[in-house]
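S.K.: This is the content of coords_6.pdb (PDB, C-alpha atoms):
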MODEL        1
ATOM      1  CA  MET A1312       8.355  15.807 -24.068
ATOM      2  CA  PRO A1313       7.481  12.077 -24.368
ATOM      3  CA  ASP A1314       5.036  10.586 -21.843
ATOM      4  CA  ASP A1315       7.762   8.169 -20.782
ATOM      5  CA  VAL A1316      10.714  10.332 -19.739
ATOM      6  CA  ASN A1317      13.139   7.663 -20.951
ATOM      7  CA  GLU A1318      11.547   7.542 -24.392
ATOM      8  CA  ILE A1319      13.253   9.335 -27.293
ATOM      9  CA  GLY A1320      11.107  12.081 -28.828
ATOM     10  CA  ALA A1321      10.704  12.552 -32.563
ATOM     11  CA  ASP A1322      12.882  15.676 -32.557
ATOM     12  CA  GLU A1323      15.517  14.277 -30.206
ATOM     13  CA  ARG A1324      18.748  12.470 -30.909
ATOM     14  CA  VAL A1325      21.388  10.605 -28.930
ATOM     15  CA  VAL A1326      24.768  12.293 -28.515
ATOM     16  CA  GLU A1327      27.887  11.424 -26.527
ATOM     17  CA  ILE A1328      29.092  13.650 -23.691
ATOM     18  CA  GLU A1329      32.281  13.459 -21.636
ATOM     19  CA  MET A1330      31.840  11.940 -18.171
ATOM     20  CA  GLU A1331      33.295  15.014 -16.414
ATOM     21  CA  ARG A1332      30.578  17.242 -17.890
ATOM     22  CA  LEU A1333      27.771  15.266 -16.203
ATOM     23  CA  ARG A1334      26.482  16.337 -12.800
ATOM     24  CA  GLU A1335      24.230  14.528 -10.339
ATOM     25  CA  PHE A1336      20.748  15.952  -9.906
ATOM     26  CA  ARG A1337      20.672  18.416  -7.026
ATOM     27  CA  ASN A1338      19.290  16.749  -3.856
ATOM     28  CA  HIS A1339      18.868  13.486  -5.724
ATOM     29  CA  PRO A1340      16.785  11.276  -3.351
ATOM     30  CA  PHE A1341      17.749   7.923  -4.859
ATOM     31  CA  LYS A1342      20.900   6.315  -3.495
ATOM     32  CA  VAL A1343      23.515   4.824  -5.800
ATOM     33  CA  LYS A1344      25.112   1.835  -4.071
ATOM     34  CA  ALA A1345      27.635  -0.809  -5.076
ATOM     35  CA  ASP A1346      25.181  -3.614  -4.282
ATOM     36  CA  GLN A1347      24.285  -6.830  -6.108
ATOM     37  CA  GLN A1348      22.018  -4.975  -8.526
ATOM     38  CA  MET A1349      24.877  -2.637  -9.408
ATOM     39  CA  LEU A1350      27.174  -5.590 -10.087
ATOM     40  CA  GLN A1351      24.541  -7.026 -12.430
ATOM     41  CA  LEU A1352      24.208  -3.669 -14.188
ATOM     42  CA  MET A1353      27.975  -3.434 -14.595
ATOM     43  CA  GLU A1354      28.051  -6.947 -16.028
ATOM     44  CA  SER A1355      25.304  -6.037 -18.508
ATOM     45  CA  ILE A1356      27.009  -2.803 -19.586
ATOM     46  CA  GLY A1357      30.332  -4.610 -19.869
ATOM     47  CA  GLN A1358      28.750  -7.152 -22.202
ATOM     48  CA  TYR A1359      26.262  -5.088 -24.226
ATOM     49  CA  GLY A1360      27.167  -1.447 -23.591
ATOM     50  CA  ILE A1361      24.701   1.235 -22.448
ATOM     51  CA  LEU A1362      21.465   0.324 -24.215
ATOM     52  CA  ASN A1363      19.389   3.182 -22.751
ATOM     53  CA  PRO A1364      20.934   6.660 -23.044
ATOM     54  CA  LEU A1365      20.919   8.969 -20.028
ATOM     55  CA  ILE A1366      18.471  11.884 -19.940
ATOM     56  CA  VAL A1367      20.175  15.186 -19.085
ATOM     57  CA  ARG A1368      19.450  18.901 -19.152
ATOM     58  CA  PRO A1369      21.890  21.775 -19.784
ATOM     59  CA  ILE A1370      22.779  23.933 -16.785
ATOM     60  CA  PRO A1371      25.220  26.876 -16.500
ATOM     61  CA  GLU A1372      28.996  26.485 -16.938
ATOM     62  CA  GLY A1373      28.629  24.163 -19.925
ATOM     63  CA  VAL A1374      27.708  21.066 -17.935
ATOM     64  CA  TYR A1375      24.653  18.815 -17.823
ATOM     65  CA  GLU A1376      22.454  17.667 -14.938
ATOM     66  CA  ILE A1377      21.351  14.023 -14.989
ATOM     67  CA  ILE A1378      17.584  13.525 -14.987
ATOM     68  CA  SER A1379      17.689   9.767 -15.498
ATOM     69  CA  GLY A1380      20.714   7.469 -15.425
ATOM     70  CA  HIS A1381      22.670   7.999 -12.188
ATOM     71  CA  ARG A1382      23.201   4.255 -11.727
ATOM     72  CA  ARG A1383      24.255   3.807 -15.362
ATOM     73  CA  LYS A1384      26.768   6.638 -14.967
ATOM     74  CA  TYR A1385      28.243   5.065 -11.834
ATOM     75  CA  ALA A1386      28.490   1.623 -13.456
ATOM     76  CA  ALA A1387      30.064   3.023 -16.623
ATOM     77  CA  GLN A1388      32.528   5.050 -14.534
ATOM     78  CA  GLN A1389      33.654   1.899 -12.728
ATOM     79  CA  LEU A1390      34.154   0.227 -16.109
ATOM     80  CA  GLY A1391      36.370   3.044 -17.367
ATOM     81  CA  TYR A1392      33.961   4.825 -19.728
ATOM     82  CA  ARG A1393      34.987   8.361 -20.689
ATOM     83  CA  LYS A1394      31.863   9.317 -22.661
ATOM     84  CA  LEU A1395      28.221   8.373 -22.254
ATOM     85  CA  PRO A1396      25.268   8.393 -24.683
ATOM     86  CA  VAL A1397      22.693  10.988 -23.603
ATOM     87  CA  ILE A1398      19.509  12.723 -24.709
ATOM     88  CA  ILE A1399      19.570  16.459 -23.967
ATOM     89  CA  ARG A1400      16.340  18.144 -22.889
ATOM     90  CA  VAL A1401      15.811  21.769 -21.927
ATOM     91  CA  LEU A1402      13.695  21.657 -18.757
ATOM     92  CA  LYS A1403      12.709  24.163 -16.091
ATOM     93  CA  ASP A1404      13.481  23.244 -12.495
ATOM     94  CA  GLU A1405      10.006  21.918 -11.634
ATOM     95  CA  ASP A1406       9.722  19.903 -14.854
ATOM     96  CA  ALA A1407      13.195  18.464 -14.269
ATOM     97  CA  ILE A1408      12.275  17.346 -10.738
ATOM     98  CA  ILE A1409       9.042  15.712 -11.901
ATOM     99  CA  SER A1410      10.838  13.901 -14.736
ATOM    100  CA  MET A1411      13.678  12.795 -12.445
ATOM    101  CA  VAL A1412      11.262  11.347  -9.874
ATOM    102  CA  ASP A1413       9.040   9.627 -12.438
ATOM    103  CA  SER A1414      11.974   8.000 -14.226
ATOM    104  CA  ASN A1415      13.495   6.645 -11.020
ATOM    105  CA  LEU A1416      10.212   5.378  -9.570
ATOM    106  CA  GLN A1417      10.154   2.847 -12.423
ATOM    107  CA  ARG A1418      12.995   0.936 -10.749
ATOM    108  CA  GLU A1419      12.140  -2.435  -9.223
ATOM    109  CA  MET A1420      13.925  -1.962  -5.891
ATOM    110  CA  ILE A1421      13.223   1.356  -4.164
ATOM    111  CA  ARG A1422      13.861   1.972  -0.490
ATOM    112  CA  PRO A1423      11.037   3.553   1.545
ATOM    113  CA  SER A1424      13.181   6.612   2.344
ATOM    114  CA  GLU A1425      13.957   7.106  -1.358
ATOM    115  CA  LYS A1426      10.286   7.001  -2.287
ATOM    116  CA  ALA A1427       9.391   9.323   0.594
ATOM    117  CA  PHE A1428      11.848  12.053  -0.431
ATOM    118  CA  ALA A1429      11.088  11.555  -4.133
ATOM    119  CA  TYR A1430       7.368  12.052  -3.525
ATOM    120  CA  LYS A1431       8.143  15.088  -1.378
ATOM    121  CA  MET A1432      10.259  16.675  -4.142
ATOM    122  CA  LYS A1433       7.587  15.988  -6.747
ATOM    123  CA  TYR A1434       4.792  17.228  -4.467
ATOM    124  CA  GLU A1435       6.561  20.542  -3.879
ATOM    125  CA  ALA A1436       7.447  20.906  -7.583
ATOM    126  CA  ILE A1437       3.841  20.307  -8.679
ATOM    127  CA  LYS A1438       2.552  22.774  -6.097
ATOM    128  CA  ARG A1439       4.928  25.454  -7.396
ATOM    129  CA  LYS A1440       4.112  24.656 -11.007
ATOM    130  CA  SER A1441       0.356  24.571 -10.486
ATOM    131  CA  GLY A1442       0.472  27.998  -8.868
ATOM    132  CA  ARG A1443       1.742  29.628 -12.057
ATOM    133  CA  LYS A1444      -0.415  31.041 -14.779
ATOM    134  CA  ASN A1445      -0.385  29.054 -18.026
ATOM    135  CA  GLY A1446       0.722  25.987 -16.096
ATOM    136  CA  GLY A1447       0.131  23.802 -19.145
ATOM    137  CA  GLN A1448      -0.728  20.174 -18.542
ATOM    138  CA  ILE A1449      -0.194  20.385 -14.787
ATOM    139  CA  GLY A1450      -2.612  23.311 -14.580
ATOM    140  CA  TYR A1451      -5.199  21.319 -16.520
ATOM    141  CA  LEU A1452      -4.734  18.261 -14.327
ATOM    142  CA  PHE A1453      -5.237  20.365 -11.232
ATOM    143  CA  LEU A1454      -8.719  21.628 -12.032
ATOM    144  CA  GLY A1455     -10.632  20.856  -8.835
ATOM    145  CA  ARG A1456      -8.086  18.257  -7.702
ATOM    146  CA  LYS A1457      -5.515  17.959  -4.939
ATOM    147  CA  THR A1458      -1.799  17.458  -5.546
ATOM    148  CA  VAL A1459      -1.828  13.969  -3.991
ATOM    149  CA  GLU A1460      -4.676  12.940  -6.308
ATOM    150  CA  VAL A1461      -2.655  13.922  -9.365
ATOM    151  CA  MET A1462       0.375  12.067  -7.995
ATOM    152  CA  SER A1463      -1.792   9.065  -7.159
ATOM    153  CA  ASP A1464      -2.930   8.679 -10.775
ATOM    154  CA  GLU A1465       0.634   8.857 -12.071
ATOM    155  CA  ALA A1466       2.217   6.601  -9.422
ATOM    156  CA  LYS A1467      -0.642   4.060  -9.321
ATOM    157  CA  GLU A1468      -0.816   4.394  -5.539
ATOM    158  CA  SER A1469      -3.731   5.603  -3.439
ATOM    159  CA  PRO A1470      -3.771   9.256  -2.336
ATOM    160  CA  LYS A1471      -3.675   8.024   1.270
ATOM    161  CA  GLN A1472      -0.467   6.066   0.628
ATOM    162  CA  ILE A1473       1.102   9.080  -1.084
ATOM    163  CA  GLN A1474       0.282  11.159   2.017
ATOM    164  CA  ARG A1475       1.803   8.494   4.267
ATOM    165  CA  TYR A1476       5.066   8.583   2.308
ATOM    166  CA  LEU A1477       5.113  12.389   2.495
ATOM    167  CA  LYS A1478       4.817  12.103   6.278
ATOM    168  CA  ILE A1479       7.530   9.428   6.431
ATOM    169  CA  ALA A1480       9.943  12.021   5.008
ATOM    170  CA  GLU A1481       9.722  13.793   8.393
ATOM    171  CA  LEU A1482      11.482  10.934  10.205
ATOM    172  CA  THR A1483      14.994  11.439  11.557
ATOM    173  CA  PRO A1484      17.861   9.929   9.513
ATOM    174  CA  GLU A1485      18.337   7.160  12.124
ATOM    175  CA  LEU A1486      14.715   6.001  11.903
ATOM    176  CA  LEU A1487      14.730   6.263   8.106
ATOM    177  CA  GLU A1488      17.776   4.010   7.980
ATOM    178  CA  MET A1489      16.035   1.534  10.305
ATOM    179  CA  LEU A1490      12.996   1.608   8.023
ATOM    180  CA  ASP A1491      15.137   0.915   4.957
ATOM    181  CA  ASP A1492      16.913  -1.936   6.763
ATOM    182  CA  GLY A1493      13.655  -3.502   7.943
ATOM    183  CA  VAL A1494      14.436  -2.903  11.628
ATOM    184  CA  ILE A1495      11.174  -0.981  11.983
ATOM    185  CA  ALA A1496       8.083  -1.693   9.872
ATOM    186  CA  PHE A1497       6.409   0.918   7.655
ATOM    187  CA  ASN A1498       3.211   1.418   9.695
ATOM    188  CA  PRO A1499       4.983   1.940  13.055
ATOM    189  CA  ALA A1500       7.448   4.254  11.295
ATOM    190  CA  TYR A1501       4.528   6.270   9.915
ATOM    191  CA  GLU A1502       3.043   6.659  13.403
ATOM    192  CA  ALA A1503       6.471   7.636  14.770
ATOM    193  CA  SER A1504       6.745  10.406  12.161
ATOM    194  CA  PHE A1505       4.113  12.375  14.115
ATOM    195  CA  MET A1506       6.476  12.637  17.087
ATOM    196  CA  LYS A1507       8.775  15.596  17.581
ATOM    197  CA  GLU A1508      12.344  15.287  16.301
ATOM    198  CA  GLU A1509      13.787  14.995  19.813
ATOM    199  CA  GLU A1510      11.221  12.308  20.683
ATOM    200  CA  GLN A1511      12.181  10.328  17.582
ATOM    201  CA  LYS A1512      15.811  10.397  18.727
ATOM    202  CA  LEU A1513      14.705   9.122  22.140
ATOM    203  CA  LEU A1514      12.766   6.344  20.406
ATOM    204  CA  VAL A1515      16.011   5.087  18.863
ATOM    205  CA  GLN A1516      17.561   5.016  22.345
ATOM    206  CA  ALA A1517      14.528   3.181  23.740
ATOM    207  CA  MET A1518      14.716   0.581  20.966
ATOM    208  CA  ASP A1519      18.378   0.050  21.794
ATOM    209  CA  TYR A1520      17.557  -0.315  25.504
ATOM    210  CA  ALA A1521      14.700  -2.803  24.980
ATOM    211  CA  GLN A1522      16.359  -4.515  22.004
ATOM    212  CA  ALA A1523      12.975  -4.439  20.308
ATOM    213  CA  SER A1524      11.241  -2.645  17.463
ATOM    214  CA  PRO A1525       7.849  -1.030  18.134
ATOM    215  CA  SER A1526       4.539  -2.423  16.939
ATOM    216  CA  ILE A1527       1.931  -0.139  15.399
ATOM    217  CA  SER A1528      -0.124  -0.126  18.613
ATOM    218  CA  GLN A1529       2.940   0.830  20.650
ATOM    219  CA  THR A1530       3.832   3.745  18.366
ATOM    220  CA  GLN A1531       0.195   4.884  18.396
ATOM    221  CA  ARG A1532       0.338   5.020  22.200
ATOM    222  CA  MET A1533       3.598   6.966  22.018
ATOM    223  CA  LYS A1534       2.060   9.370  19.505
ATOM    224  CA  LYS A1535      -0.858   9.981  21.887
ATOM    225  CA  LEU A1536       1.542  10.693  24.763
ATOM    226  CA  SER A1537       3.516  13.008  22.475
ATOM    227  CA  ARG A1538       0.394  15.030  21.672
ATOM    228  CA  GLU A1539      -0.347  15.260  25.398
ATOM    229  CA  GLY A1540       3.215  16.440  26.039
ATOM    230  CA  THR A1541       3.976  13.588  28.447
ATOM    231  CA  LEU A1542       6.178  11.328  26.303
ATOM    232  CA  THR A1543       9.536  10.555  27.920
ATOM    233  CA  LEU A1544      12.410   8.150  27.323
ATOM    234  CA  SER A1545      11.373   6.164  30.396
ATOM    235  CA  LYS A1546       7.822   5.698  29.105
ATOM    236  CA  MET A1547       9.123   4.617  25.696
ATOM    237  CA  GLN A1548      11.395   2.067  27.353
ATOM    238  CA  ASP A1549       8.495   0.714  29.414
ATOM    239  CA  ILE A1550       6.247   0.418  26.356
ATOM    240  CA  LEU A1551       8.911  -1.293  24.239
ATOM    241  CA  SER A1552       9.848  -3.679  27.063
ATOM    242  CA  GLU A1553       6.326  -5.085  27.164
ATOM    243  CA  VAL A1554       5.909  -8.613  25.846
ATOM    244  CA  LYS A1555       4.002  -8.397  22.579
ATOM    245  CA  LYS A1556       1.228 -10.749  21.619
ATOM    246  CA  GLY A1557       2.719 -13.858  20.043
ATOM    247  CA  GLU A1558       6.072 -13.316  21.779
ATOM    248  CA  ILE A1559       5.264 -14.948  25.133
ATOM    249  CA  ASN A1560       8.122 -17.408  24.645
ATOM    250  CA  ARG A1561      10.592 -14.777  23.474
ATOM    251  CA  VAL A1562      14.071 -14.912  25.041
ATOM    252  CA  ILE A1563      15.078 -11.491  26.350
ATOM    253  CA  PHE A1564      18.471 -10.319  27.639
ATOM    254  CA  LYS A1565      19.088  -6.903  29.128
ATOM    255  CA  ASN A1566      22.192  -5.101  27.887
ATOM    256  CA  GLU A1567      23.670  -5.200  31.389
ATOM    257  CA  GLN A1568      23.565  -9.011  31.337
ATOM    258  CA  LEU A1569      25.613  -9.150  28.136
ATOM    259  CA  TYR A1570      28.209  -6.413  28.664
ATOM    260  CA  GLN A1571      30.333  -8.654  30.934
ATOM    261  CA  PHE A1572      30.978 -11.044  28.037
ATOM    262  CA  PHE A1573      32.081  -8.481  25.430
ATOM    263  CA  PRO A1574      34.866  -5.901  25.053
ATOM    264  CA  LYS A1575      34.202  -2.452  26.447
ATOM    265  CA  GLY A1576      32.595  -0.184  23.879
ATOM    266  CA  TYR A1577      30.693  -2.942  22.046
ATOM    267  CA  THR A1578      27.315  -1.715  20.762
ATOM    268  CA  PRO A1579      24.149  -3.842  21.148
ATOM    269  CA  GLU A1580      24.189  -4.426  17.383
ATOM    270  CA  GLN A1581      27.775  -5.743  17.551
ATOM    271  CA  MET A1582      26.847  -8.034  20.437
ATOM    272  CA  LYS A1583      23.816  -9.344  18.568
ATOM    273  CA  LYS A1584      25.889 -10.013  15.442
ATOM    274  CA  GLU A1585      28.598 -11.866  17.375
ATOM    275  CA  ILE A1586      26.072 -13.973  19.309
ATOM    276  CA  LEU A1587      24.407 -15.045  16.056
ATOM    277  CA  GLU A1588      27.809 -15.886  14.565
ATOM    278  CA  MET A1589      28.666 -18.048  17.601
ATOM    279  CA  LEU A1590      25.335 -19.866  17.386
ATOM    280  CA  LYS A1591      25.850 -20.454  13.669
ATOM    281  CA  HIS A1592      29.343 -21.825  14.351
ATOM    282  CA  ARG A1593      27.953 -24.079  17.086
ATOM    283  CA  ILE A1594      25.352 -25.528  14.707
ATOM    284  CA  GLU A1595      28.022 -26.155  12.056
ATOM    285  CA  LEU A1596      30.207 -27.972  14.604
ATOM    286  CA  SER A1597      27.206 -29.996  15.783
ATOM    287  CA  CYS A1598      26.381 -31.055  12.227
ATOM    288  CA  GLU A1599      30.019 -31.969  11.610
ATOM    289  CA  THR A1600      30.126 -34.059  14.823
ATOM    290  CA  ASP A1601      26.849 -35.789  14.004
ATOM    291  CA  GLY A1602      28.184 -36.637  10.555
ATOM    292  CA  LYS A1603      31.339 -38.225  12.008
ATOM    293  CA  GLU A1604      29.274 -40.273  14.495
ATOM    294  CA  GLU A1605      27.082 -41.556  11.674
ATOM    295  CA  GLN A1606      30.174 -42.616   9.721
ATOM    296  CA  LEU A1607      31.555 -44.497  12.780
ATOM    297  CA  GLN A1608      28.243 -46.268  13.340
ATOM    298  CA  TRP A1609      28.094 -47.280   9.674
ATOM    299  CA  ARG A1610      31.635 -48.731   9.809
ATOM    300  CA  ARG A1611      30.754 -50.733  12.912
TER     301      ARG A1611
ENDMDL
END
Show me, as structure tokens, the structure contained in the file I just sent.
M.R.:
Amino acid sequence: MPDDVNEIGADERVVEIEMERLREFRNHPFKVKADQQMLQLMESIGQYGILNPLIVRPIPEGVYEIISGHRRKYAAQQLGYRKLPVIIRVLKDEDAIISMVDSNLQREMIRPSEKAFAYKMKYEAIKRKSGRKNGGQIGYLFLGRKTVEVMSDEAKESPKQIQRYLKIAELTPELLEMLDDGVIAFNPAYEASFMKEEEQKLLVQAMDYAQASPSISQTQRMKKLSREGTLTLSKMQDILSEVKKGEINRVIFKNEQLYQFFPKGYTPEQMKKEILEMLKHRIELSCETDGKEEQLQWRR
């Protein structure tokens, strides 16, 4: 197999396969979304066609599992393609996982949760593969080395950072989504991953209550309380309600102060969004008024 999983080997050729015979990779960690990047990809495919064939492997029932090319398949499907150019490779499960992860990690925009679950899948696949006799290249690479060290060389990231991503995969779906959306930073999220699942769910509630995201020092304190078995929702709320350094002049509203101005059932996120929209509208009106006053002064 070529070093670059997307590279065509000397004994390989490109063939066309019907769209309905292509299957997504099982537990594929990379999300396919109709975002701006997808629109650009669709525009490129619409203009030039699919320049890079998909990489697939045969699986039972006469269908093929996609190793590389999920986004290209989605874009082509939206454009009405019925067949796609592919390169077929016969791969064992572990080799397929490693190839799938490596090919997708080459993308420019990867969400933290995607990288976390991708590293986890690859880590587990390498561990299984390295435990076999005649493990081939993986067995050779593993002589006296840890799994994260092998992954570090291939991903060009430090072993410590690989371990941090593996730990991030233990976050609850709510916190992972917040991490992807930038609501919580990577380092605090990493510290939060040491908390129990139920404590992580309480953290989301505490963030909603305080309308604040935790700093790394705050999550480290929560982690310490968690290890001591004394972490509660009330303590999380108290910690998150503290004024952080550099936020002395921060304007803070409690949810109770805002509920009277919004329809029943409004979430804090909906209230925040509507408040920002009103402020934006107010600024636009102010600019429009200022412009009219300037015109009147000029005419005078």
S.K.: With only C-alpha atoms as the counted atoms, please give the residues lying no more than 12 Å from Leu1365 (chain A), apart from itself and same-chain residues fewer than 2 positions off, as a PyMOL selection string.
M.R.: chain A and resi 1316-1319+1324-1328+1330+1333-1335+1361-1363+1367-1368+1375-1385+1387+1394-1400+1411+1414-1415
S.K.: Which of these, A:Ile1356, A:Pro1499, A:Leu1486, A:Pro1340, has the shortest distance to Lys1431 (chain A) once you count only C-alpha atoms?
M.R.: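 Selected residue with least distance to Lys1431 (chain A): A:Pro1340.
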S.K.: Nearest residue to Ile1408 (chain A) out of A:Lys1478, A:Lys1535, A:Lys1583, A:Lys1433, using only C-alpha atoms?
M.R.: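 When distances to Ile1408 (chain A) are compared using only C-alpha atoms, the smallest one comes from A:Lys1433.
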S.K.: For Asp1491 (chain A), which residue out of A:Ile1479, A:Ile1437, A:Leu1551, A:Val1461 is the nearest one, using all atoms listed in the file?
M.R.: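 Checking each of A:Ile1479, A:Ile1437, A:Leu1551, A:Val1461 against Asp1491 (chain A), counting all atoms listed in the file, the winner is A:Ile1479.
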S.K.: Looking at only C-alpha atoms, which of A:Arg1422, A:Arg1593, A:Arg1337, A:Lys1512 is the one that sits closest to Glu1488 (chain A)?
M.R.: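 Nearest to Glu1488 (chain A): A:Arg1422.
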S.K.: Can you tell me, as AutoDock Vina command-line options, the centre and edge lengths (Å, one decimal) of the axis-aligned box enclosing all of region 1466-1472 of chain A's listed atoms after padding each side by 4 Å?
M.R.:
--center_x -0.8 --center_y 6.7 --center_z -4.1 --size_x 14.0 --size_y 13.2 --size_z 18.7
S.K.: Between A:Gln1522, A:Thr1458, A:Gln1347, A:Gln1474, which has the minimum distance to Glu1580 (chain A) (counting all atoms listed in the file)?
M.R.: A:Gln1522
S.K.: CA of Ala1345 (chain A) and CA of Leu1490 (chain A), how far apart in Å?
M.R.: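 Those two atoms sit 19.8 Å apart.
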S.K.: Measuring atom to atom with all atoms listed in the file, identify which of A:Ala1436, A:Leu1477, A:Leu1482, A:Ile1370 is nearest to Glu1509 (chain A).
M.R.: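 Once distances to Glu1509 (chain A) are computed over all atoms listed in the file, the minimum belongs to A:Leu1482.
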S.K.: Expand the PyMOL selection byres ((chain A and resi 1518) around 12) into the individual residues it matches in the shown file, reporting them as a PyMOL selection string.
M.R.: chain A and resi 1485-1486+1489+1494-1495+1511-1517+1519-1526+1529-1530+1544-1553+1565-1566+1579-1580
S.K.: Now that the selection is made, can you save its residues with C-alpha atoms as a compact mmCIF listing (two decimals), keeping the file's coordinate frame?
M.R.:
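Heads up, here's the output in again_35.txt:
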# COMPACT_ATOMS: atom_id res chain seq x y z
CA GLU A 1485 18.34 7.16 12.12
CA LEU A 1486 14.72 6.00 11.90
CA MET A 1489 16.04 1.53 10.30
CA VAL A 1494 14.44 -2.90 11.63
CA ILE A 1495 11.17 -0.98 11.98
CA GLN A 1511 12.18 10.33 17.58
CA LYS A 1512 15.81 10.40 18.73
CA LEU A 1513 14.70 9.12 22.14
CA LEU A 1514 12.77 6.34 20.41
CA VAL A 1515 16.01 5.09 18.86
CA GLN A 1516 17.56 5.02 22.34
CA ALA A 1517 14.53 3.18 23.74
CA ASP A 1519 18.38 0.05 21.79
CA TYR A 1520 17.56 -0.32 25.50
CA ALA A 1521 14.70 -2.80 24.98
CA GLN A 1522 16.36 -4.51 22.00
CA ALA A 1523 12.98 -4.44 20.31
CA SER A 1524 11.24 -2.64 17.46
CA PRO A 1525 7.85 -1.03 18.13
CA SER A 1526 4.54 -2.42 16.94
CA GLN A 1529 2.94 0.83 20.65
CA THR A 1530 3.83 3.74 18.37
CA LEU A 1544 12.41 8.15 27.32
CA SER A 1545 11.37 6.16 30.40
CA LYS A 1546 7.82 5.70 29.10
CA MET A 1547 9.12 4.62 25.70
CA GLN A 1548 11.40 2.07 27.35
CA ASP A 1549 8.49 0.71 29.41
CA ILE A 1550 6.25 0.42 26.36
CA LEU A 1551 8.91 -1.29 24.24
CA SER A 1552 9.85 -3.68 27.06
CA GLU A 1553 6.33 -5.08 27.16
CA LYS A 1565 19.09 -6.90 29.13
CA ASN A 1566 22.19 -5.10 27.89
CA PRO A 1579 24.15 -3.84 21.15
CA GLU A 1580 24.19 -4.43 17.38
S.K.: As an exercise, work out the distance from CA of Glu1588 (chain A) to CA of Leu1569 (chain A) in Å and give it to one decimal place.
M.R.: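 Going from CA of Glu1588 (chain A) over to CA of Leu1569 (chain A) covers 15.3 Å.
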S.K.: Would you mind reading off the distance between CA of Ser1463 (chain A) and CA of Asn1338 (chain A), one decimal, in Å?
M.R.: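 Answer for the CA of Ser1463 (chain A) to CA of Asn1338 (chain A) separation: 22.7 Å.
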